[in-house]
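Asker: Below is the file input-v3.cif, which contains mmCIF, N, CA and C atoms.
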data_work
#
loop_
_atom_site.label_atom_id
_atom_site.label_comp_id
_atom_site.auth_asym_id
_atom_site.auth_seq_id
_atom_site.Cartn_x
_atom_site.Cartn_y
_atom_site.Cartn_z
N MET A 1 104.11 103.23 120.20
CA MET A 1 103.82 101.85 119.81
C MET A 1 105.14 101.15 119.50
N PRO A 2 105.40 100.03 120.13
CA PRO A 2 106.63 99.28 119.83
C PRO A 2 106.59 98.73 118.40
N ILE A 3 107.74 98.68 117.76
CA ILE A 3 107.76 98.19 116.38
C ILE A 3 107.39 96.72 116.28
N GLU A 4 107.49 95.99 117.37
CA GLU A 4 107.11 94.57 117.34
C GLU A 4 105.62 94.39 117.07
N THR A 5 104.82 95.43 117.32
CA THR A 5 103.38 95.32 117.11
C THR A 5 102.97 95.70 115.69
N VAL A 6 103.94 96.01 114.85
CA VAL A 6 103.64 96.37 113.47
C VAL A 6 103.86 95.16 112.59
N ASP A 7 102.75 94.59 112.15
CA ASP A 7 102.77 93.40 111.32
C ASP A 7 102.37 93.78 109.90
N TYR A 8 103.16 93.34 108.92
CA TYR A 8 102.88 93.62 107.52
C TYR A 8 101.46 93.22 107.13
N GLU A 9 100.93 92.20 107.75
CA GLU A 9 99.59 91.68 107.42
C GLU A 9 98.46 92.45 108.11
N ALA A 10 98.76 93.34 109.03
CA ALA A 10 97.72 94.05 109.77
C ALA A 10 96.81 94.83 108.82
N PRO A 11 95.49 94.71 108.98
CA PRO A 11 94.58 95.44 108.10
C PRO A 11 94.72 96.96 108.23
N ASP A 12 95.15 97.43 109.40
CA ASP A 12 95.32 98.86 109.64
C ASP A 12 96.80 99.24 109.67
N LEU A 13 97.55 98.70 108.74
CA LEU A 13 99.00 98.89 108.73
C LEU A 13 99.39 100.37 108.66
N ALA A 14 98.74 101.15 107.82
CA ALA A 14 99.09 102.58 107.71
C ALA A 14 98.87 103.30 109.04
N ALA A 15 97.77 103.01 109.71
CA ALA A 15 97.50 103.65 111.00
C ALA A 15 98.56 103.28 112.03
N ARG A 16 99.02 102.04 112.00
CA ARG A 16 100.07 101.61 112.92
C ARG A 16 101.39 102.30 112.61
N ILE A 17 101.71 102.40 111.34
CA ILE A 17 102.96 103.06 110.91
C ILE A 17 102.97 104.52 111.36
N GLU A 18 101.82 105.18 111.26
CA GLU A 18 101.76 106.60 111.58
C GLU A 18 101.93 106.87 113.07
N LYS A 19 101.94 105.85 113.90
CA LYS A 19 102.20 106.02 115.33
C LYS A 19 103.69 105.89 115.65
N LEU A 20 104.50 105.57 114.64
CA LEU A 20 105.93 105.38 114.82
C LEU A 20 106.71 106.60 114.35
N SER A 21 107.90 106.76 114.88
CA SER A 21 108.82 107.78 114.36
C SER A 21 109.48 107.22 113.09
N TYR A 22 110.07 108.09 112.32
CA TYR A 22 110.79 107.63 111.12
C TYR A 22 111.93 106.70 111.50
N GLN A 23 112.57 106.96 112.65
CA GLN A 23 113.66 106.09 113.10
C GLN A 23 113.14 104.68 113.40
N GLN A 24 111.96 104.59 113.98
CA GLN A 24 111.37 103.27 114.24
C GLN A 24 110.96 102.59 112.93
N ILE A 25 110.42 103.35 112.01
CA ILE A 25 110.03 102.78 110.70
C ILE A 25 111.26 102.22 110.00
N ASP A 26 112.39 102.90 110.13
CA ASP A 26 113.64 102.43 109.51
C ASP A 26 114.07 101.06 110.02
N GLN A 27 113.60 100.65 111.18
CA GLN A 27 113.99 99.37 111.78
C GLN A 27 113.06 98.21 111.37
N LEU A 28 111.97 98.50 110.69
CA LEU A 28 111.04 97.44 110.30
C LEU A 28 111.69 96.49 109.29
N PRO A 29 111.24 95.24 109.23
CA PRO A 29 111.84 94.27 108.31
C PRO A 29 111.35 94.41 106.86
N PHE A 30 110.44 95.32 106.61
CA PHE A 30 109.93 95.56 105.24
C PHE A 30 110.11 97.03 104.90
N GLY A 31 110.15 97.32 103.61
CA GLY A 31 110.35 98.69 103.16
C GLY A 31 109.09 99.52 103.30
N VAL A 32 109.28 100.81 103.56
CA VAL A 32 108.16 101.74 103.71
C VAL A 32 108.48 103.00 102.91
N VAL A 33 107.50 103.42 102.10
CA VAL A 33 107.65 104.63 101.29
C VAL A 33 106.38 105.46 101.46
N LEU A 34 106.54 106.75 101.64
CA LEU A 34 105.40 107.67 101.72
C LEU A 34 105.42 108.53 100.47
N LEU A 35 104.30 108.52 99.73
CA LEU A 35 104.17 109.34 98.53
C LEU A 35 103.12 110.42 98.75
N ASP A 36 103.34 111.59 98.16
CA ASP A 36 102.30 112.60 98.19
C ASP A 36 101.29 112.31 97.07
N ARG A 37 100.33 113.17 96.89
CA ARG A 37 99.25 112.94 95.91
C ARG A 37 99.73 112.89 94.47
N ASP A 38 100.93 113.39 94.22
CA ASP A 38 101.49 113.39 92.86
C ASP A 38 102.48 112.25 92.64
N GLY A 39 102.68 111.41 93.64
CA GLY A 39 103.63 110.31 93.52
C GLY A 39 105.06 110.67 93.88
N VAL A 40 105.25 111.83 94.50
CA VAL A 40 106.58 112.28 94.90
C VAL A 40 106.91 111.69 96.27
N VAL A 41 108.10 111.15 96.39
CA VAL A 41 108.55 110.50 97.63
C VAL A 41 108.75 111.53 98.73
N GLN A 42 108.07 111.31 99.86
CA GLN A 42 108.20 112.16 101.04
C GLN A 42 109.05 111.49 102.11
N PHE A 43 109.03 110.16 102.13
CA PHE A 43 109.83 109.39 103.07
C PHE A 43 110.18 108.07 102.40
N TYR A 44 111.41 107.61 102.62
CA TYR A 44 111.91 106.37 102.03
C TYR A 44 112.74 105.69 103.11
N SER A 45 112.24 104.59 103.62
CA SER A 45 112.88 103.98 104.79
C SER A 45 114.26 103.40 104.49
N ALA A 46 115.04 103.30 105.55
CA ALA A 46 116.37 102.71 105.43
C ALA A 46 116.27 101.26 104.96
N THR A 47 115.25 100.54 105.42
CA THR A 47 115.06 99.15 104.98
C THR A 47 114.79 99.10 103.48
N GLU A 48 113.95 100.01 102.99
CA GLU A 48 113.66 100.03 101.55
C GLU A 48 114.92 100.37 100.75
N THR A 49 115.71 101.29 101.24
CA THR A 49 116.97 101.64 100.57
C THR A 49 117.86 100.41 100.48
N ARG A 50 118.02 99.72 101.58
CA ARG A 50 118.89 98.54 101.63
C ARG A 50 118.35 97.41 100.76
N GLN A 51 117.07 97.10 100.87
CA GLN A 51 116.52 95.96 100.15
C GLN A 51 116.31 96.21 98.66
N SER A 52 115.98 97.44 98.29
CA SER A 52 115.73 97.73 96.87
C SER A 52 117.01 97.91 96.07
N GLY A 53 118.05 98.39 96.76
CA GLY A 53 119.29 98.67 96.05
C GLY A 53 119.30 100.04 95.39
N TYR A 54 118.31 100.88 95.66
CA TYR A 54 118.29 102.21 95.07
C TYR A 54 119.42 103.04 95.67
N PRO A 55 120.26 103.63 94.81
CA PRO A 55 121.39 104.41 95.33
C PRO A 55 120.95 105.81 95.76
N GLY A 56 121.33 106.20 96.93
CA GLY A 56 121.01 107.55 97.39
C GLY A 56 119.61 107.67 97.92
N SER A 57 119.12 108.89 97.98
CA SER A 57 117.79 109.16 98.52
C SER A 57 116.86 109.66 97.41
N PRO A 58 115.71 109.00 97.22
CA PRO A 58 114.76 109.46 96.22
C PRO A 58 113.76 110.48 96.75
N VAL A 59 113.94 110.95 98.00
CA VAL A 59 113.01 111.94 98.56
C VAL A 59 113.00 113.16 97.64
N GLY A 60 111.79 113.58 97.27
CA GLY A 60 111.62 114.72 96.37
C GLY A 60 111.49 114.32 94.91
N LEU A 61 111.70 113.03 94.61
CA LEU A 61 111.58 112.54 93.23
C LEU A 61 110.27 111.79 93.04
N ASN A 62 109.80 111.75 91.80
CA ASN A 62 108.60 110.99 91.49
C ASN A 62 108.94 109.50 91.54
N PHE A 63 108.28 108.77 92.43
CA PHE A 63 108.56 107.36 92.64
C PHE A 63 108.40 106.55 91.36
N PHE A 64 107.38 106.83 90.60
CA PHE A 64 107.08 106.03 89.42
C PHE A 64 108.06 106.29 88.28
N GLU A 65 108.64 107.48 88.23
CA GLU A 65 109.63 107.78 87.21
C GLU A 65 110.96 107.09 87.48
N ILE A 66 111.31 106.90 88.75
CA ILE A 66 112.59 106.26 89.06
C ILE A 66 112.48 104.75 89.20
N SER A 67 111.25 104.25 89.27
CA SER A 67 111.03 102.81 89.45
C SER A 67 111.53 102.02 88.23
N ARG A 68 112.03 100.83 88.49
CA ARG A 68 112.45 99.93 87.43
C ARG A 68 111.54 98.71 87.30
N CYS A 69 110.42 98.71 88.01
CA CYS A 69 109.54 97.54 87.95
C CYS A 69 108.84 97.50 86.59
N PHE A 70 108.56 96.29 86.15
CA PHE A 70 107.81 96.11 84.92
C PHE A 70 106.39 96.58 85.15
N GLY A 71 105.81 97.27 84.17
CA GLY A 71 104.44 97.75 84.32
C GLY A 71 104.33 98.95 85.24
N LYS A 72 105.41 99.71 85.39
CA LYS A 72 105.39 100.82 86.35
C LYS A 72 104.37 101.89 85.99
N TYR A 73 104.07 102.07 84.71
CA TYR A 73 103.09 103.10 84.34
C TYR A 73 101.68 102.65 84.68
N ASP A 74 101.39 101.37 84.52
CA ASP A 74 100.10 100.84 84.96
C ASP A 74 99.98 100.92 86.48
N PHE A 75 101.06 100.60 87.17
CA PHE A 75 101.12 100.68 88.63
C PHE A 75 100.84 102.12 89.07
N ALA A 76 101.52 103.07 88.45
CA ALA A 76 101.34 104.49 88.78
C ALA A 76 99.90 104.92 88.54
N ASP A 77 99.38 104.56 87.38
CA ASP A 77 98.02 104.96 87.04
C ASP A 77 97.02 104.39 88.03
N ARG A 78 97.20 103.16 88.39
CA ARG A 78 96.28 102.49 89.32
C ARG A 78 96.28 103.20 90.69
N ILE A 79 97.45 103.51 91.19
CA ILE A 79 97.54 104.16 92.50
C ILE A 79 97.05 105.60 92.44
N LEU A 80 97.49 106.35 91.45
CA LEU A 80 97.09 107.75 91.36
C LEU A 80 95.58 107.89 91.16
N ARG A 81 94.98 107.01 90.38
CA ARG A 81 93.51 107.03 90.20
C ARG A 81 92.80 106.71 91.51
N ARG A 82 93.31 105.73 92.26
CA ARG A 82 92.68 105.35 93.54
C ARG A 82 92.80 106.49 94.55
N MET A 83 93.85 107.29 94.47
CA MET A 83 94.00 108.40 95.41
C MET A 83 92.92 109.46 95.20
N GLU A 84 92.30 109.47 94.03
CA GLU A 84 91.24 110.45 93.76
C GLU A 84 90.00 110.18 94.59
N THR A 85 89.80 108.92 94.99
CA THR A 85 88.62 108.56 95.79
C THR A 85 89.06 107.67 96.96
N PRO A 86 89.71 108.29 97.97
CA PRO A 86 90.17 107.51 99.12
C PRO A 86 89.00 106.86 99.85
N PRO A 87 89.24 105.88 100.66
CA PRO A 87 90.56 105.40 101.07
C PRO A 87 91.16 104.43 100.06
N VAL A 88 92.48 104.42 100.02
CA VAL A 88 93.22 103.49 99.18
C VAL A 88 93.61 102.30 100.04
N ASP A 89 93.37 101.12 99.52
CA ASP A 89 93.78 99.89 100.20
C ASP A 89 93.97 98.83 99.12
N LEU A 90 95.19 98.74 98.61
CA LEU A 90 95.51 97.82 97.53
C LEU A 90 96.60 96.85 97.96
N GLU A 91 96.58 95.69 97.36
CA GLU A 91 97.68 94.75 97.55
C GLU A 91 97.97 94.14 96.19
N LEU A 92 99.24 94.15 95.81
CA LEU A 92 99.63 93.60 94.52
C LEU A 92 101.06 93.09 94.55
N ALA A 93 101.38 92.35 93.52
CA ALA A 93 102.75 91.85 93.35
C ALA A 93 103.32 92.52 92.12
N LEU A 94 104.50 93.08 92.27
CA LEU A 94 105.15 93.75 91.15
C LEU A 94 106.34 92.95 90.68
N PRO A 95 106.39 92.66 89.40
CA PRO A 95 107.58 91.99 88.87
C PRO A 95 108.69 93.00 88.63
N GLY A 96 109.85 92.71 89.15
CA GLY A 96 111.00 93.58 88.95
C GLY A 96 111.23 94.51 90.12
N ASP A 97 112.47 94.56 90.56
CA ASP A 97 112.88 95.42 91.66
C ASP A 97 114.02 96.29 91.13
N TYR A 98 114.36 97.35 91.86
CA TYR A 98 115.37 98.27 91.36
C TYR A 98 116.68 97.56 91.03
N SER A 99 117.16 96.72 91.93
CA SER A 99 118.46 96.08 91.71
C SER A 99 118.35 94.68 91.12
N ASP A 100 117.15 94.09 91.09
CA ASP A 100 116.99 92.74 90.59
C ASP A 100 115.69 92.62 89.81
N PRO A 101 115.74 92.68 88.48
CA PRO A 101 114.53 92.63 87.67
C PRO A 101 113.79 91.30 87.75
N ARG A 102 114.42 90.26 88.30
CA ARG A 102 113.76 88.95 88.42
C ARG A 102 113.00 88.80 89.74
N ARG A 103 113.24 89.69 90.66
CA ARG A 103 112.62 89.60 91.99
C ARG A 103 111.19 90.15 91.94
N GLU A 104 110.29 89.45 92.59
CA GLU A 104 108.93 89.94 92.72
C GLU A 104 108.78 90.62 94.08
N VAL A 105 108.12 91.74 94.09
CA VAL A 105 107.93 92.51 95.31
C VAL A 105 106.44 92.55 95.64
N ARG A 106 106.12 92.16 96.86
CA ARG A 106 104.74 92.25 97.32
C ARG A 106 104.54 93.66 97.88
N VAL A 107 103.51 94.34 97.40
CA VAL A 107 103.29 95.74 97.77
C VAL A 107 101.88 95.93 98.32
N ARG A 108 101.82 96.58 99.47
CA ARG A 108 100.53 97.04 100.01
C ARG A 108 100.54 98.55 99.95
N VAL A 109 99.41 99.12 99.56
CA VAL A 109 99.28 100.57 99.44
C VAL A 109 98.05 100.99 100.22
N GLN A 110 98.25 101.90 101.18
CA GLN A 110 97.14 102.39 102.00
C GLN A 110 97.22 103.91 102.13
N SER A 111 96.06 104.52 102.26
CA SER A 111 95.98 105.97 102.41
C SER A 111 96.76 106.45 103.62
N ALA A 112 97.41 107.59 103.45
CA ALA A 112 98.08 108.28 104.55
C ALA A 112 97.09 109.29 105.13
N SER A 113 97.12 109.49 106.41
CA SER A 113 96.14 110.37 107.06
C SER A 113 96.22 111.82 106.58
N LEU A 114 97.39 112.26 106.16
CA LEU A 114 97.56 113.64 105.70
C LEU A 114 97.53 113.77 104.18
N GLY A 115 97.07 112.72 103.50
CA GLY A 115 97.03 112.72 102.04
C GLY A 115 98.14 111.88 101.47
N GLY A 116 97.98 111.47 100.24
CA GLY A 116 98.95 110.59 99.63
C GLY A 116 98.77 109.17 100.12
N VAL A 117 99.79 108.36 99.94
CA VAL A 117 99.71 106.96 100.33
C VAL A 117 101.01 106.47 100.94
N TRP A 118 100.86 105.46 101.78
CA TRP A 118 101.99 104.68 102.28
C TRP A 118 102.10 103.45 101.38
N MET A 119 103.31 103.10 101.02
CA MET A 119 103.55 101.87 100.29
C MET A 119 104.47 101.01 101.15
N PHE A 120 104.10 99.74 101.28
CA PHE A 120 104.85 98.80 102.09
C PHE A 120 105.36 97.69 101.18
N MET A 121 106.67 97.48 101.13
CA MET A 121 107.29 96.52 100.22
C MET A 121 107.85 95.34 101.00
N GLN A 122 107.41 94.15 100.62
CA GLN A 122 107.92 92.95 101.25
C GLN A 122 108.59 92.10 100.19
N ARG A 123 109.81 91.65 100.49
CA ARG A 123 110.58 90.82 99.57
C ARG A 123 110.95 89.53 100.24
N ASP A 124 111.11 88.49 99.42
CA ASP A 124 111.55 87.19 99.95
C ASP A 124 112.99 87.27 100.38
#
Show me the file's structure as structure tokens.
Answerer:
Amino acid sequence: MPIETVDYEAPDLAARIEKLSYQQIDQLPFGVVLLDRDGVVQFYSATETRQSGYPGSPVGLNFFEISRCFGKYDFADRILRRMETPPVDLELALPGDYSDPRREVRVRVQSASLGGVWMFMQRD
């Protein structure tokens, strides 16, 4: 699937992402993060690294523990609870980004086919 056919607004965004290689995902204009059922980062796109300002690679770390967004524990609880009864399909706005606490991040969260969730981050 060409990356041009992956639209942040697509209702089946996770299914479209799963047809791409990680290298193709790295080229998307929005950030992509794959979490396992415990919230541990399995994949963190190059775009998310660049746009969030997170230094290094958070793969293997708990996403919610390293997050700097306001309300991160409520965010974590909401996602982890939803993973108990898939499918997950959430959309929310988070105040605060890793490098800019004033920036709002639009986040879509959808179930991953092998468990866990995909998180898609869009910034202005």
Asker: I'd like the interatomic distance between atom C of A:Glu65 and atom N of A:Ala93, to a tenth of an Å.
Answerer: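 Answer for the atom C of A:Glu65 to atom N of A:Ala93 separation: 18.6 Å.
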Asker: With distances taken over only C-alpha atoms, which residue among A:Arg50, A:Arg102, A:Lys72, A:Arg37 lies nearest A:Leu114?
Answerer: A:Arg37
Asker: Atom N of A:Gln23 and atom C of A:Gly60, how far apart in Å?
Answerer: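 Calculated distance between atom C of A:Gly60 and atom N of A:Gln23 is 19.2 Å.
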Asker: Considering only N, CA and C atoms, state which residue in the set A:Phe30, A:Pro87, A:Ser111, A:Gly53 is at the smallest distance from A:Tyr8.
Answerer: A:Phe30
Asker: For A:Trp118, which of A:Val40, A:Ala14, A:Ile66, A:Val59 is the closest residue, counting only C-alpha atoms?
Answerer: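 Counting only C-alpha atoms, the residue closest to A:Trp118 is A:Ala14.
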Asker: What residues come out when you apply the PyMOL selection byres ((chain A and resi 90) around 8) to this file, written as a list in words?
Answerer: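 Going through the file, the PyMOL selection byres ((chain A and resi 90) around 8) ends up selecting Pro87, Val88, Asp89, Glu91, Leu92, Ala93, Val107, Arg108, Val109, Gln110 and Ser111 of chain A.
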Asker: With DSSP run on the backbone, what are the alpha helix (DSSP H) residues within chain A? I'd like them as a PyMOL selection string.
Answerer: chain A and resi 13-17+22-25+46-52+63-66+72-83
Asker: Show me, as a PyMOL selection string, the residues that have an atom within 7 Å of A:Gly31 when counting all atoms listed in the file, minus same-chain residues fewer than 3 positions from it.
Answerer: chain A and resi 28+45-49+119-123
Asker: Please expand the PyMOL selection byres (((chain A and resi 16 and name CA) around 12) and name CA) into the concrete residues it hits in this file, giving the result as a PyMOL selection string.
Answerer: chain A and resi 1-15+17-21+24-25+110+112-113+118
Asker: Using only C-alpha atoms, pick whichever of A:Phe64, A:Tyr73, A:Phe43, A:Tyr54 has the shortest atom-to-atom distance to A:Asp100.
Answerer: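 With only C-alpha atoms as the atom set, the closest residue is A:Tyr54.
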Asker: With distances taken over only N, CA and C atoms, which residue among A:Gly115, A:Gly39, A:Ser52, A:Ser57 lies nearest A:Ala76?
Answerer: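 The shortest atom-to-atom distance to A:Ala76 comes from A:Gly39.
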Asker: Name the residues of chain A that fall into strand (DSSP E) according to DSSP on the backbone, using the chain letters and numbers of this document, as number ranges by chain.
Answerer: A: 31-35, 41-44, 89-95, 104-111, 117-122
